[in-house]
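**Student:** The following file, data_39.txt, comprises compact mmCIF, N, CA and C atoms:
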```
# COMPACT_ATOMS: atom_id res chain seq x y z
N MET B 698 69.42 79.76 88.38
CA MET B 698 70.48 80.62 88.81
C MET B 698 69.91 82.02 89.02
N ALA B 699 70.25 82.64 90.13
CA ALA B 699 69.74 83.97 90.45
C ALA B 699 70.31 85.00 89.48
N ALA B 700 69.51 85.99 89.22
CA ALA B 700 69.96 87.06 88.31
C ALA B 700 71.08 87.84 88.96
N LEU B 701 72.04 88.19 88.19
CA LEU B 701 73.20 88.94 88.66
C LEU B 701 73.03 90.40 88.28
N LYS B 702 72.99 91.26 89.28
CA LYS B 702 72.90 92.69 89.00
C LYS B 702 74.31 93.18 88.73
N ILE B 703 74.50 93.81 87.59
CA ILE B 703 75.82 94.26 87.19
C ILE B 703 75.83 95.78 87.17
N ALA B 704 76.73 96.35 87.96
CA ALA B 704 76.89 97.80 87.97
C ALA B 704 78.25 98.12 87.38
N PHE B 705 78.27 98.77 86.23
CA PHE B 705 79.54 99.04 85.57
C PHE B 705 80.06 100.44 85.83
N GLU B 706 79.40 101.17 86.69
CA GLU B 706 79.92 102.49 87.01
C GLU B 706 80.86 102.36 88.19
N ALA B 707 81.95 103.09 88.13
CA ALA B 707 82.92 103.08 89.21
C ALA B 707 82.39 103.89 90.38
N PRO B 708 82.84 103.58 91.57
CA PRO B 708 82.45 104.39 92.72
C PRO B 708 82.83 105.84 92.49
N ASP B 709 81.98 106.76 92.96
CA ASP B 709 82.22 108.18 92.75
C ASP B 709 83.53 108.67 93.36
N ASN B 710 83.72 108.37 94.62
CA ASN B 710 84.92 108.84 95.31
C ASN B 710 85.57 107.65 95.97
N PHE B 711 86.61 107.15 95.39
CA PHE B 711 87.21 105.92 95.89
C PHE B 711 88.37 106.17 96.84
N GLY B 712 88.43 107.36 97.42
CA GLY B 712 89.38 107.59 98.50
C GLY B 712 90.78 107.97 98.08
N GLY B 713 91.09 108.00 96.82
CA GLY B 713 92.42 108.38 96.39
C GLY B 713 92.50 109.88 96.13
N ALA B 714 93.70 110.39 95.99
CA ALA B 714 93.88 111.81 95.72
C ALA B 714 93.33 112.18 94.35
N CYS B 715 93.38 111.25 93.44
CA CYS B 715 92.91 111.49 92.07
C CYS B 715 91.69 110.62 91.83
N PRO B 716 90.47 111.22 91.77
CA PRO B 716 89.28 110.40 91.63
C PRO B 716 89.22 109.58 90.35
N SER B 717 90.00 109.95 89.33
CA SER B 717 89.95 109.18 88.09
C SER B 717 90.82 107.93 88.15
N ALA B 718 91.69 107.84 89.15
CA ALA B 718 92.54 106.66 89.29
C ALA B 718 91.70 105.54 89.91
N ARG B 719 91.52 104.46 89.17
CA ARG B 719 90.73 103.33 89.66
C ARG B 719 91.64 102.15 89.92
N PRO B 720 91.28 101.33 90.89
CA PRO B 720 92.08 100.15 91.19
C PRO B 720 92.15 99.14 90.05
N ILE B 721 91.15 99.17 89.17
CA ILE B 721 91.11 98.29 88.00
C ILE B 721 90.95 99.18 86.77
N ASP B 722 91.81 98.99 85.79
CA ASP B 722 91.69 99.73 84.54
C ASP B 722 90.63 99.03 83.70
N LEU B 723 89.45 99.63 83.68
CA LEU B 723 88.31 98.99 83.01
C LEU B 723 88.47 98.91 81.50
N VAL B 724 89.22 99.83 80.93
CA VAL B 724 89.48 99.78 79.49
C VAL B 724 90.37 98.57 79.17
N HIS B 725 91.40 98.39 79.98
CA HIS B 725 92.29 97.23 79.80
C HIS B 725 91.49 95.94 79.96
N LEU B 726 90.67 95.89 81.00
CA LEU B 726 89.85 94.70 81.25
C LEU B 726 88.92 94.42 80.07
N ALA B 727 88.29 95.45 79.55
CA ALA B 727 87.39 95.27 78.40
C ALA B 727 88.15 94.75 77.19
N THR B 728 89.37 95.21 77.01
CA THR B 728 90.19 94.73 75.91
C THR B 728 90.50 93.24 76.10
N GLN B 729 90.84 92.88 77.32
CA GLN B 729 91.18 91.48 77.62
C GLN B 729 89.99 90.54 77.43
N THR B 730 88.79 91.04 77.69
CA THR B 730 87.59 90.20 77.61
C THR B 730 86.78 90.46 76.34
N MET B 731 87.35 91.20 75.42
CA MET B 731 86.71 91.54 74.15
C MET B 731 85.32 92.17 74.35
N GLY B 732 85.21 92.96 75.43
CA GLY B 732 83.97 93.69 75.68
C GLY B 732 82.84 92.87 76.26
N ASP B 733 83.08 91.62 76.59
CA ASP B 733 82.04 90.75 77.15
C ASP B 733 81.87 91.09 78.64
N LYS B 734 80.80 91.80 78.98
CA LYS B 734 80.59 92.27 80.36
C LYS B 734 80.43 91.14 81.36
N LEU B 735 79.75 90.08 80.98
CA LEU B 735 79.60 88.95 81.90
C LEU B 735 80.95 88.27 82.16
N LEU B 736 81.77 88.18 81.12
CA LEU B 736 83.11 87.62 81.29
C LEU B 736 83.95 88.52 82.19
N GLU B 737 83.80 89.84 82.05
CA GLU B 737 84.52 90.77 82.92
C GLU B 737 84.21 90.50 84.38
N ILE B 738 82.92 90.36 84.68
CA ILE B 738 82.50 90.09 86.06
C ILE B 738 83.08 88.76 86.55
N GLU B 739 83.01 87.75 85.71
CA GLU B 739 83.54 86.44 86.08
C GLU B 739 85.04 86.50 86.37
N VAL B 740 85.78 87.19 85.51
CA VAL B 740 87.22 87.32 85.67
C VAL B 740 87.56 88.10 86.94
N LEU B 741 86.82 89.17 87.19
CA LEU B 741 87.05 89.97 88.39
C LEU B 741 86.78 89.17 89.66
N GLN B 742 85.72 88.39 89.65
CA GLN B 742 85.39 87.56 90.81
C GLN B 742 86.46 86.48 91.03
N MET B 743 86.94 85.90 89.95
CA MET B 743 88.02 84.90 90.07
C MET B 743 89.28 85.56 90.64
N PHE B 744 89.60 86.76 90.16
CA PHE B 744 90.76 87.48 90.67
C PHE B 744 90.62 87.74 92.16
N ALA B 745 89.45 88.16 92.60
CA ALA B 745 89.23 88.44 94.02
C ALA B 745 89.43 87.17 94.86
N ARG B 746 88.90 86.05 94.40
CA ARG B 746 89.09 84.78 95.13
C ARG B 746 90.56 84.39 95.16
N GLN B 747 91.22 84.53 94.01
CA GLN B 747 92.63 84.14 93.92
C GLN B 747 93.49 85.03 94.84
N THR B 748 93.21 86.32 94.86
CA THR B 748 94.03 87.20 95.69
C THR B 748 93.87 86.90 97.16
N ARG B 749 92.67 86.52 97.57
CA ARG B 749 92.48 86.15 98.99
C ARG B 749 93.38 84.97 99.36
N GLN B 750 93.43 83.97 98.49
CA GLN B 750 94.28 82.81 98.75
C GLN B 750 95.76 83.20 98.73
N LEU B 751 96.15 83.99 97.74
CA LEU B 751 97.56 84.38 97.63
C LEU B 751 98.00 85.25 98.81
N MET B 752 97.11 86.09 99.31
CA MET B 752 97.48 86.91 100.47
C MET B 752 97.71 86.02 101.70
N LYS B 753 96.95 84.95 101.83
CA LYS B 753 97.20 83.99 102.92
C LYS B 753 98.58 83.36 102.76
N GLU B 754 98.94 83.01 101.51
CA GLU B 754 100.22 82.38 101.25
C GLU B 754 101.39 83.34 101.52
N LEU B 755 101.16 84.64 101.42
CA LEU B 755 102.23 85.61 101.67
C LEU B 755 102.63 85.67 103.14
N SER B 756 101.84 85.07 104.01
CA SER B 756 102.20 85.06 105.43
C SER B 756 103.33 84.09 105.74
N SER B 757 103.78 83.35 104.75
CA SER B 757 104.89 82.42 104.92
C SER B 757 106.15 83.17 105.36
N ASP B 758 106.96 82.52 106.16
CA ASP B 758 108.23 83.11 106.59
C ASP B 758 109.31 82.96 105.53
N SER B 759 109.09 82.14 104.55
CA SER B 759 110.08 81.87 103.52
C SER B 759 110.10 82.97 102.46
N SER B 760 111.26 83.56 102.26
CA SER B 760 111.41 84.59 101.22
C SER B 760 111.11 84.03 99.84
N ASP B 761 111.55 82.80 99.60
CA ASP B 761 111.31 82.17 98.29
C ASP B 761 109.82 81.98 98.03
N ALA B 762 109.09 81.55 99.06
CA ALA B 762 107.65 81.36 98.92
C ALA B 762 106.96 82.69 98.69
N ARG B 763 107.37 83.72 99.42
CA ARG B 763 106.77 85.05 99.23
C ARG B 763 107.05 85.58 97.83
N LEU B 764 108.27 85.38 97.37
CA LEU B 764 108.65 85.85 96.04
C LEU B 764 107.79 85.17 94.98
N ALA B 765 107.63 83.87 95.07
CA ALA B 765 106.84 83.12 94.09
C ALA B 765 105.37 83.54 94.14
N THR B 766 104.85 83.74 95.34
CA THR B 766 103.46 84.15 95.49
C THR B 766 103.24 85.55 94.95
N ALA B 767 104.16 86.46 95.25
CA ALA B 767 104.06 87.83 94.74
C ALA B 767 104.13 87.84 93.22
N HIS B 768 104.94 86.96 92.66
CA HIS B 768 105.05 86.87 91.20
C HIS B 768 103.72 86.42 90.58
N ARG B 769 103.09 85.43 91.18
CA ARG B 769 101.80 84.95 90.67
C ARG B 769 100.74 86.04 90.79
N LEU B 770 100.76 86.75 91.90
CA LEU B 770 99.80 87.83 92.12
C LEU B 770 100.02 88.96 91.12
N ARG B 771 101.27 89.27 90.85
CA ARG B 771 101.59 90.32 89.88
C ARG B 771 101.06 89.96 88.49
N GLY B 772 101.26 88.72 88.07
CA GLY B 772 100.78 88.28 86.77
C GLY B 772 99.26 88.35 86.66
N ALA B 773 98.58 87.92 87.70
CA ALA B 773 97.11 87.96 87.70
C ALA B 773 96.62 89.39 87.65
N ALA B 774 97.27 90.26 88.38
CA ALA B 774 96.87 91.67 88.43
C ALA B 774 97.09 92.35 87.08
N LEU B 775 98.21 92.07 86.45
CA LEU B 775 98.47 92.65 85.13
C LEU B 775 97.44 92.21 84.11
N ALA B 776 97.00 90.97 84.22
CA ALA B 776 96.03 90.44 83.26
C ALA B 776 94.70 91.17 83.29
N ILE B 777 94.28 91.63 84.47
CA ILE B 777 92.97 92.29 84.55
C ILE B 777 93.06 93.81 84.61
N GLY B 778 94.26 94.34 84.70
CA GLY B 778 94.40 95.79 84.76
C GLY B 778 94.45 96.36 86.16
N ALA B 779 94.80 95.53 87.14
CA ALA B 779 94.97 96.00 88.52
C ALA B 779 96.44 96.43 88.68
N PHE B 780 96.77 97.54 88.06
CA PHE B 780 98.17 97.93 87.92
C PHE B 780 98.82 98.33 89.25
N ASN B 781 98.06 98.89 90.19
CA ASN B 781 98.64 99.20 91.50
C ASN B 781 98.97 97.92 92.26
N VAL B 782 98.12 96.92 92.17
CA VAL B 782 98.40 95.62 92.79
C VAL B 782 99.66 95.03 92.16
N ALA B 783 99.75 95.10 90.85
CA ALA B 783 100.93 94.55 90.15
C ALA B 783 102.21 95.27 90.58
N GLU B 784 102.14 96.59 90.70
CA GLU B 784 103.31 97.36 91.09
C GLU B 784 103.76 97.04 92.52
N THR B 785 102.81 96.92 93.43
CA THR B 785 103.19 96.60 94.81
C THR B 785 103.63 95.14 94.93
N ALA B 786 103.07 94.25 94.13
CA ALA B 786 103.54 92.86 94.12
C ALA B 786 104.98 92.79 93.61
N ALA B 787 105.30 93.62 92.63
CA ALA B 787 106.68 93.66 92.13
C ALA B 787 107.64 94.14 93.22
N ALA B 788 107.19 95.07 94.06
CA ALA B 788 108.03 95.52 95.17
C ALA B 788 108.26 94.39 96.17
N VAL B 789 107.25 93.57 96.40
CA VAL B 789 107.41 92.40 97.29
C VAL B 789 108.36 91.40 96.64
N GLU B 790 108.26 91.23 95.33
CA GLU B 790 109.20 90.34 94.64
C GLU B 790 110.64 90.82 94.85
N ALA B 791 110.85 92.13 94.79
CA ALA B 791 112.19 92.69 94.93
C ALA B 791 112.72 92.60 96.36
N ALA B 792 111.83 92.69 97.33
CA ALA B 792 112.23 92.65 98.75
C ALA B 792 111.17 91.91 99.55
N PRO B 793 111.16 90.58 99.47
CA PRO B 793 110.07 89.79 100.07
C PRO B 793 109.97 89.87 101.59
N GLN B 794 111.01 90.31 102.28
CA GLN B 794 110.95 90.39 103.74
C GLN B 794 110.59 91.79 104.24
N ASP B 795 110.42 92.74 103.33
CA ASP B 795 110.10 94.12 103.71
C ASP B 795 108.63 94.22 104.13
N ALA B 796 108.41 94.50 105.42
CA ALA B 796 107.05 94.57 105.96
C ALA B 796 106.25 95.70 105.32
N GLY B 797 106.92 96.79 104.96
CA GLY B 797 106.23 97.90 104.32
C GLY B 797 105.67 97.52 102.96
N ASN B 798 106.45 96.75 102.21
CA ASN B 798 105.99 96.27 100.90
C ASN B 798 104.79 95.34 101.06
N LEU B 799 104.85 94.47 102.05
CA LEU B 799 103.74 93.55 102.29
C LEU B 799 102.48 94.30 102.70
N ALA B 800 102.65 95.32 103.53
CA ALA B 800 101.50 96.13 103.95
C ALA B 800 100.90 96.88 102.76
N ALA B 801 101.76 97.45 101.93
CA ALA B 801 101.28 98.17 100.75
C ALA B 801 100.54 97.24 99.80
N LEU B 802 101.04 96.02 99.66
CA LEU B 802 100.37 95.04 98.80
C LEU B 802 99.01 94.68 99.38
N GLY B 803 98.95 94.47 100.67
CA GLY B 803 97.67 94.17 101.31
C GLY B 803 96.66 95.28 101.10
N ALA B 804 97.11 96.53 101.21
CA ALA B 804 96.22 97.67 101.00
C ALA B 804 95.76 97.76 99.54
N ALA B 805 96.67 97.51 98.61
CA ALA B 805 96.32 97.57 97.19
C ALA B 805 95.31 96.47 96.83
N VAL B 806 95.53 95.28 97.38
CA VAL B 806 94.61 94.16 97.12
C VAL B 806 93.23 94.47 97.70
N LEU B 807 93.20 95.01 98.92
CA LEU B 807 91.93 95.35 99.55
C LEU B 807 91.19 96.40 98.73
N GLU B 808 91.89 97.41 98.27
CA GLU B 808 91.29 98.45 97.44
C GLU B 808 90.70 97.85 96.16
N ALA B 809 91.43 96.96 95.52
CA ALA B 809 90.94 96.30 94.30
C ALA B 809 89.72 95.44 94.60
N GLU B 810 89.76 94.70 95.70
CA GLU B 810 88.62 93.84 96.05
C GLU B 810 87.37 94.66 96.33
N LEU B 811 87.52 95.76 97.04
CA LEU B 811 86.37 96.61 97.32
C LEU B 811 85.79 97.20 96.04
N PHE B 812 86.64 97.58 95.14
CA PHE B 812 86.22 98.09 93.84
C PHE B 812 85.46 97.01 93.07
N ILE B 813 85.98 95.79 93.09
CA ILE B 813 85.33 94.66 92.42
C ILE B 813 83.95 94.41 93.04
N LEU B 814 83.88 94.42 94.36
CA LEU B 814 82.60 94.19 95.03
C LEU B 814 81.58 95.25 94.62
N LYS B 815 82.03 96.48 94.50
CA LYS B 815 81.14 97.57 94.09
C LYS B 815 80.63 97.35 92.66
N LEU B 816 81.51 96.88 91.78
CA LEU B 816 81.11 96.63 90.40
C LEU B 816 80.14 95.47 90.27
N CYS B 817 80.30 94.48 91.12
CA CYS B 817 79.54 93.24 90.98
C CYS B 817 78.29 93.19 91.86
N ARG B 818 77.96 94.27 92.50
CA ARG B 818 76.79 94.24 93.40
C ARG B 818 75.50 94.19 92.64
```
As structure tokens, please, write out the structure in this file.
**Tutor:**
Amino acid sequence: MAALKIAFEAPDNFGGACPSARPIDLVHLATQTMGDKLLEIEVLQMFARQTRQLMKELSSDSSDARLATAHRLRGAALAIGAFNVAETAAAVEAAPQDAGNLAALGAAVLEAELFILKLCR
């Protein structure tokens, strides 16, 4: 198995108004994984894969399907500390046909995925 280079420093300027706001709360994640850095990377990579699939499922025209998918995404995001993803997923749960909510969720997921990629490079 190839060696995995792990970078635990957050990107310097992640494009938000507040540079200290990160898409993933690393303290929360460390608590969830009991400080196991390899487990953190594994969990983050699983979350990234799962969110890609769930975002595909959100393209459904069914409000019920969108609501269920947003709920699953919200739970996964809360577990790893992706609180902005969780908040925008909750907005989709509340109004599954609102295009603005769906767009905001897509942006939040993309931001989290890019952050994860930066950590796992």
**Student:** If we draw a sphere of 9 Å around (93.3, 100.7, 92.9), which residues have at least one atom in it when counting only C-alpha atoms? Please report them as an NGL selection string.
**Tutor:** :B and (711 or 713 or 718-722 or 779-782 or 805-810 or 812)
**Student:** Take the residues just selected and output them with N, CA and C atoms as a short mmCIF file (atom, residue, chain, number, x, y, z; two decimals), in the frame of the given file.
**Tutor:**
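Output below, filename again_11.cif:
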```cif
data_model
loop_
_atom_site.label_atom_id
_atom_site.label_comp_id
_atom_site.auth_asym_id
_atom_site.auth_seq_id
_atom_site.Cartn_x
_atom_site.Cartn_y
_atom_site.Cartn_z
N PHE B 711 86.61 107.15 95.39
CA PHE B 711 87.21 105.92 95.89
C PHE B 711 88.37 106.17 96.84
N GLY B 713 91.09 108.00 96.82
CA GLY B 713 92.42 108.38 96.39
C GLY B 713 92.50 109.88 96.13
N ALA B 718 91.69 107.84 89.15
CA ALA B 718 92.54 106.66 89.29
C ALA B 718 91.70 105.54 89.91
N ARG B 719 91.52 104.46 89.17
CA ARG B 719 90.73 103.33 89.66
C ARG B 719 91.64 102.15 89.92
N PRO B 720 91.28 101.33 90.89
CA PRO B 720 92.08 100.15 91.19
C PRO B 720 92.15 99.14 90.05
N ILE B 721 91.15 99.17 89.17
CA ILE B 721 91.11 98.29 88.00
C ILE B 721 90.95 99.18 86.77
N ASP B 722 91.81 98.99 85.79
CA ASP B 722 91.69 99.73 84.54
C ASP B 722 90.63 99.03 83.70
N ALA B 779 94.80 95.53 87.14
CA ALA B 779 94.97 96.00 88.52
C ALA B 779 96.44 96.43 88.68
N PHE B 780 96.77 97.54 88.06
CA PHE B 780 98.17 97.93 87.92
C PHE B 780 98.82 98.33 89.25
N ASN B 781 98.06 98.89 90.19
CA ASN B 781 98.64 99.20 91.50
C ASN B 781 98.97 97.92 92.26
N VAL B 782 98.12 96.92 92.17
CA VAL B 782 98.40 95.62 92.79
C VAL B 782 99.66 95.03 92.16
N ALA B 805 96.67 97.51 98.61
CA ALA B 805 96.32 97.57 97.19
C ALA B 805 95.31 96.47 96.83
N VAL B 806 95.53 95.28 97.38
CA VAL B 806 94.61 94.16 97.12
C VAL B 806 93.23 94.47 97.70
N LEU B 807 93.20 95.01 98.92
CA LEU B 807 91.93 95.35 99.55
C LEU B 807 91.19 96.40 98.73
N GLU B 808 91.89 97.41 98.27
CA GLU B 808 91.29 98.45 97.44
C GLU B 808 90.70 97.85 96.16
N ALA B 809 91.43 96.96 95.52
CA ALA B 809 90.94 96.30 94.30
C ALA B 809 89.72 95.44 94.60
N GLU B 810 89.76 94.70 95.70
CA GLU B 810 88.62 93.84 96.05
C GLU B 810 87.37 94.66 96.33
N PHE B 812 86.64 97.58 95.14
CA PHE B 812 86.22 98.09 93.84
C PHE B 812 85.46 97.01 93.07
#
```
**Student:** Which residues come within 6 Å of Glu790 of chain B, counting all atoms listed in the file, excluding same-chain residues fewer than 4 positions away, as a PyMOL selection string?
**Tutor:** chain B and resi 764+767-768+786
**Student:** In Å to one decimal, how far is atom CA of Leu751 of chain B from atom CA of Leu770 of chain B?
**Tutor:**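 Taking atom CA of Leu770 of chain B and atom CA of Leu751 of chain B, their separation equals 6.9 Å.
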**Student:** What are the DSSP helix (DSSP H, G or I) residues of segment 715-755 of chain B, as a PyMOL selection string?
**Tutor:** chain B and resi 723-729+734-754
**Student:** Suppose you want the space between atom N of Ala788 of chain B and atom CA of Thr748 of chain B; what is it in Å?
**Tutor:**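 These atoms are spaced 15.4 Å apart.
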**Student:** As an exercise, work out the distance from atom C of Thr766 of chain B to atom N of His725 of chain B in Å and give it to one decimal place.
**Tutor:**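 According to the coordinates, atom C of Thr766 of chain B and atom N of His725 of chain B are separated by 23.0 Å.
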**Student:** Hey, could you patch up segment 785-799 of chain B with N, CA, C and O atoms and hand it over as an mmCIF file, in the coordinates of the input?
**Tutor:**
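Saved as rebuild28.cif:
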```cif
data_model
loop_
_atom_site.group_PDB
_atom_site.id
_atom_site.type_symbol
_atom_site.label_atom_id
_atom_site.label_comp_id
_atom_site.auth_asym_id
_atom_site.auth_seq_id
_atom_site.Cartn_x
_atom_site.Cartn_y
_atom_site.Cartn_z
ATOM 1 N N THR B 785 102.810 96.920 93.430
ATOM 2 C CA THR B 785 103.190 96.600 94.810
ATOM 3 C C THR B 785 103.630 95.140 94.930
ATOM 4 O O THR B 785 104.505 94.835 95.749
ATOM 5 N N ALA B 786 103.070 94.250 94.130
ATOM 6 C CA ALA B 786 103.540 92.860 94.120
ATOM 7 C C ALA B 786 104.980 92.790 93.610
ATOM 8 O O ALA B 786 105.788 92.009 94.129
ATOM 9 N N ALA B 787 105.300 93.620 92.630
ATOM 10 C CA ALA B 787 106.680 93.660 92.130
ATOM 11 C C ALA B 787 107.640 94.140 93.220
ATOM 12 O O ALA B 787 108.767 93.647 93.317
ATOM 13 N N ALA B 788 107.190 95.070 94.060
ATOM 14 C CA ALA B 788 108.030 95.520 95.170
ATOM 15 C C ALA B 788 108.260 94.390 96.170
ATOM 16 O O ALA B 788 109.366 94.249 96.711
ATOM 17 N N VAL B 789 107.250 93.570 96.400
ATOM 18 C CA VAL B 789 107.410 92.400 97.290
ATOM 19 C C VAL B 789 108.360 91.400 96.640
ATOM 20 O O VAL B 789 109.203 90.809 97.332
ATOM 21 N N GLU B 790 108.260 91.230 95.330
ATOM 22 C CA GLU B 790 109.200 90.340 94.640
ATOM 23 C C GLU B 790 110.640 90.820 94.850
ATOM 24 O O GLU B 790 111.541 90.014 95.056
ATOM 25 N N ALA B 791 110.850 92.130 94.790
ATOM 26 C CA ALA B 791 112.190 92.690 94.930
ATOM 27 C C ALA B 791 112.720 92.600 96.360
ATOM 28 O O ALA B 791 113.921 92.445 96.566
ATOM 29 N N ALA B 792 111.830 92.690 97.330
ATOM 30 C CA ALA B 792 112.230 92.650 98.750
ATOM 31 C C ALA B 792 111.170 91.910 99.550
ATOM 32 O O ALA B 792 110.344 92.527 100.223
ATOM 33 N N PRO B 793 111.160 90.580 99.470
ATOM 34 C CA PRO B 793 110.070 89.790 100.070
ATOM 35 C C PRO B 793 109.970 89.870 101.590
ATOM 36 O O PRO B 793 108.937 89.526 102.151
ATOM 37 N N GLN B 794 111.010 90.310 102.280
ATOM 38 C CA GLN B 794 110.950 90.390 103.740
ATOM 39 C C GLN B 794 110.590 91.790 104.240
ATOM 40 O O GLN B 794 110.460 91.999 105.435
ATOM 41 N N ASP B 795 110.420 92.740 103.330
ATOM 42 C CA ASP B 795 110.100 94.120 103.710
ATOM 43 C C ASP B 795 108.630 94.220 104.130
ATOM 44 O O ASP B 795 107.733 94.075 103.312
ATOM 45 N N ALA B 796 108.410 94.500 105.420
ATOM 46 C CA ALA B 796 107.050 94.570 105.960
ATOM 47 C C ALA B 796 106.250 95.700 105.320
ATOM 48 O O ALA B 796 105.037 95.587 105.132
ATOM 49 N N GLY B 797 106.920 96.790 104.960
ATOM 50 C CA GLY B 797 106.230 97.900 104.320
ATOM 51 C C GLY B 797 105.670 97.520 102.960
ATOM 52 O O GLY B 797 104.555 97.904 102.605
ATOM 53 N N ASN B 798 106.450 96.750 102.210
ATOM 54 C CA ASN B 798 105.990 96.270 100.900
ATOM 55 C C ASN B 798 104.790 95.340 101.060
ATOM 56 O O ASN B 798 103.832 95.413 100.286
ATOM 57 N N LEU B 799 104.850 94.470 102.050
ATOM 58 C CA LEU B 799 103.740 93.550 102.290
ATOM 59 C C LEU B 799 102.480 94.300 102.700
ATOM 60 O O LEU B 799 101.380 93.989 102.240
#
```
